[in-house]
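Enquirer: I am sharing input.pdb, which consists of PDB, C-alpha atoms, pLDDT in the B column:
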```
ATOM      1  CA  MET A  29      15.717   1.005 -15.074  1.00 80.00           C
ATOM      2  CA  ARG A  30      12.409   1.003 -16.913  1.00 95.00           C
ATOM      3  CA  ILE A  31       9.915   3.791 -16.233  1.00 95.00           C
ATOM      4  CA  GLU A  32       7.410   1.226 -14.954  1.00 95.00           C
ATOM      5  CA  ASP A  33       9.931  -0.029 -12.398  1.00 96.00           C
ATOM      6  CA  GLU A  34      10.754   3.510 -11.295  1.00 97.00           C
ATOM      7  CA  THR A  35       7.061   4.323 -10.944  1.00 97.00           C
ATOM      8  CA  TYR A  36       6.448   1.174  -8.895  1.00 98.00           C
ATOM      9  CA  GLU A  37       9.394   1.929  -6.596  1.00 98.00           C
ATOM     10  CA  LYS A  38       8.400   5.569  -6.067  1.00 98.00           C
ATOM     11  CA  SER A  39       4.796   4.620  -5.353  1.00 98.00           C
ATOM     12  CA  TYR A  40       5.864   1.880  -2.937  1.00 98.00           C
ATOM     13  CA  LYS A  41       8.239   4.134  -0.993  1.00 98.00           C
ATOM     14  CA  ARG A  42       5.836   7.097  -0.913  1.00 98.00           C
ATOM     15  CA  THR A  43       2.889   4.978   0.227  1.00 98.00           C
ATOM     16  CA  LEU A  44       4.867   3.106   2.866  1.00 98.00           C
ATOM     17  CA  ALA A  45       6.254   6.368   4.263  1.00 98.00           C
ATOM     18  CA  MET A  46       2.715   7.820   4.406  1.00 98.00           C
ATOM     19  CA  LEU A  47       1.389   4.747   6.222  1.00 98.00           C
ATOM     20  CA  GLU A  48       4.239   4.780   8.722  1.00 97.00           C
ATOM     21  CA  LEU A  49       3.669   8.466   9.405  1.00 97.00           C
ATOM     22  CA  ASP A  50      -0.078   7.949   9.790  1.00 97.00           C
ATOM     23  CA  SER A  51       0.509   5.082  12.221  1.00 96.00           C
ATOM     24  CA  GLN A  52       2.136   7.548  14.621  1.00 95.00           C
ATOM     25  CA  THR A  53      -1.067   9.544  15.058  1.00 96.00           C
ATOM     26  CA  GLU A  54      -3.675   8.952  17.747  1.00 95.00           C
ATOM     27  CA  SER A  55      -6.404   8.552  15.147  1.00 95.00           C
ATOM     28  CA  PHE A  56      -4.621   5.647  13.414  1.00 96.00           C
ATOM     29  CA  ASN A  57      -6.910   2.702  12.714  1.00 96.00           C
ATOM     30  CA  LEU A  58      -5.524  -0.490  11.185  1.00 96.00           C
ATOM     31  CA  GLN A  59      -8.987  -1.557  10.046  1.00 97.00           C
ATOM     32  CA  LYS A  60      -9.220   1.557   7.868  1.00 97.00           C
ATOM     33  CA  VAL A  61      -5.862   0.678   6.328  1.00 98.00           C
ATOM     34  CA  ILE A  62      -7.129  -2.830   5.557  1.00 98.00           C
ATOM     35  CA  GLU A  63     -10.297  -1.396   3.994  1.00 98.00           C
ATOM     36  CA  THR A  64      -8.209   0.925   1.831  1.00 98.00           C
ATOM     37  CA  LEU A  65      -6.180  -2.052   0.636  1.00 98.00           C
ATOM     38  CA  LYS A  66      -9.400  -3.837  -0.320  1.00 98.00           C
ATOM     39  CA  ALA A  67     -10.460  -0.756  -2.292  1.00 97.00           C
ATOM     40  CA  LEU A  68      -7.102  -0.731  -4.063  1.00 97.00           C
ATOM     41  CA  TYR A  69      -7.615  -4.369  -5.037  1.00 96.00           C
ATOM     42  CA  GLN A  70     -10.972  -3.420  -6.543  1.00 95.00           C
ATOM     43  CA  TYR A  71      -9.489  -0.426  -8.342  1.00 94.00           C
ATOM     44  CA  GLU A  72      -6.724  -2.608  -9.759  1.00 92.00           C
ATOM     45  CA  ALA A  73      -9.318  -5.049 -11.092  1.00 91.00           C
ATOM     46  CA  LEU A  74     -11.286  -2.304 -12.873  1.00 89.00           C
ATOM     47  CA  ASP A  75      -8.773  -2.027 -15.702  1.00 79.00           C
ATOM     48  CA  TRP A  76     -11.163  -3.122 -18.419  1.00 73.00           C
ATOM     49  CA  ALA A  77     -10.457   0.018 -20.477  1.00 75.00           C
ATOM     50  CA  GLY A  78      -6.679  -0.308 -20.178  1.00 80.00           C
ATOM     51  CA  ARG A  79      -5.220   2.428 -18.026  1.00 86.00           C
ATOM     52  CA  GLY A  80      -1.633   1.747 -19.096  1.00 90.00           C
ATOM     53  CA  GLU A  81       1.484   0.156 -17.699  1.00 92.00           C
ATOM     54  CA  ILE A  82       2.681   3.209 -15.803  1.00 93.00           C
ATOM     55  CA  LYS A  83      -0.567   3.656 -13.862  1.00 94.00           C
ATOM     56  CA  ASN A  84      -0.705  -0.087 -13.211  1.00 94.00           C
ATOM     57  CA  ALA A  85       2.839   0.065 -11.822  1.00 95.00           C
ATOM     58  CA  GLU A  86       1.809   2.916  -9.516  1.00 97.00           C
ATOM     59  CA  ILE A  87      -1.205   0.988  -8.236  1.00 96.00           C
ATOM     60  CA  SER A  88       0.867  -2.169  -7.750  1.00 97.00           C
ATOM     61  CA  GLY A  89       3.469  -0.220  -5.778  1.00 98.00           C
ATOM     62  CA  SER A  90       0.778   1.153  -3.483  1.00 98.00           C
ATOM     63  CA  ILE A  91      -0.770  -2.285  -2.973  1.00 98.00           C
ATOM     64  CA  SER A  92       2.607  -3.788  -2.107  1.00 98.00           C
ATOM     65  CA  ALA A  93       3.267  -1.043   0.421  1.00 98.00           C
ATOM     66  CA  TYR A  94      -0.111  -1.616   2.082  1.00 98.00           C
ATOM     67  CA  GLN A  95       0.509  -5.366   2.224  1.00 98.00           C
ATOM     68  CA  VAL A  96       3.956  -4.942   3.778  1.00 98.00           C
ATOM     69  CA  PHE A  97       2.747  -2.313   6.225  1.00 98.00           C
ATOM     70  CA  ILE A  98      -0.199  -4.421   7.415  1.00 98.00           C
ATOM     71  CA  HIS A  99       1.998  -7.496   7.795  1.00 97.00           C
ATOM     72  CA  ASN A 100       4.635  -5.578   9.748  1.00 96.00           C
ATOM     73  CA  HIS A 101       2.067  -3.813  11.929  1.00 94.00           C
ATOM     74  CA  LYS A 102       0.340  -7.079  12.852  1.00 92.00           C
ATOM     75  CA  ASN A 103       3.712  -8.665  13.540  1.00 89.00           C
ATOM     76  CA  LYS A 104       4.626  -5.819  15.918  1.00 82.00           C
ATOM     77  CA  GLU A 105       1.276  -6.154  17.703  1.00 76.00           C
ATOM     78  CA  PHE A 106       1.846  -9.911  18.103  1.00 72.00           C
ATOM     79  CA  GLN A 107       5.353  -9.373  19.488  1.00 74.00           C
ATOM     80  CA  ASN A 108       4.085  -6.752  21.938  1.00 74.00           C
ATOM     81  CA  GLN A 109       1.481  -9.204  23.252  1.00 74.00           C
ATOM     82  CA  ASN A 110       4.105 -11.825  24.072  1.00 64.00           C
TER
END
```
Can I see the file as C-alpha cells?
Expert:
Amino acid sequence: MRIEDETYEKSYKRTLAMLELDSQTESFNLQKVIETLKALYQYEALDWAGRGEIKNAEISGSISAYQVFIHNHKNKEFQNQN
C-alpha cells in the first residue's frame, strides 16, 4: 500500500472515530460539524503553494469522514422521526 493511501485511511478512521465519540456528548451540535466540513473544503482549496501528496491525502481522509458522518447522522435522525 502506498504511503498516501495509508495516510488517507488513518486520517479517515481517526476522524470518524472522533466524530462518533463527540456525537455521544450533550454538547454535540451537527451544525458545527457541517461548518467544520466547510472549513476543510476551504483548506483543501488553498493548496496554491503545493503542500504535498501526503498532507493532501490526510485532508481528503478527514473530509471523507466528515461527509460519511454527516450523511449517517442525518439518516439516523430521519429514521428516528418515522
Enquirer: Which one is closest to A:Lys83: A:Glu105, A:Asp50, A:Ala45, A:Glu32? Count all atoms listed in the file.
Expert: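 With all atoms listed in the file as the atom set, the closest residue is A:Glu32.
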Enquirer: Can you tell me how far atom CA of A:Gly89 sits from atom CA of A:Gln107, in Å to one decimal?
Expert: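 Answer for the atom CA of A:Gly89 to atom CA of A:Gln107 separation: 26.9 Å.
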Enquirer: Starting from the shown file, work through the PyMOL selection byres ((chain A and resi 43) around 12) and note down what comes out as a ChimeraX atom specification.
Expert: /A:35-42,44-50,61,64-65,86-97
Enquirer: Kindly indicate which residue among A:Ile82, A:Ile62, A:Leu74, A:Leu68 lies nearest to A:His101, using all atoms listed in the file for the distances.
Expert: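 The answer is A:Ile62, which sits nearest to A:His101.
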Enquirer: Distance atom CA of A:Ala73-atom CA of A:Asp33, one decimal place?
Expert: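 Computing the Euclidean distance for atom CA of A:Ala73 and atom CA of A:Asp33 yields 19.9 Å.
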Enquirer: As an exercise, work out the distance from atom CA of A:Gly80 to atom CA of A:Lys60 in Å and give it to one decimal place.
Expert: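 Taking atom CA of A:Gly80 as the start and atom CA of A:Lys60 as the end point, the length is 28.0 Å.
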Enquirer: Check the smallest atom-to-atom distance from each of A:Leu58, A:Tyr69, A:Trp76, A:Asn84 to A:His99 using all atoms listed in the file, then report the winner.
Expert: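 For A:His99, the nearest of the candidates is A:Leu58.
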Enquirer: Kindly indicate which residue among A:Ala85, A:Ile31, A:Glu54, A:Asn108 lies nearest to A:Glu72, using all atoms listed in the file for the distances.
Expert: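 Distance minimum relative to A:Glu72 lands on A:Ala85.
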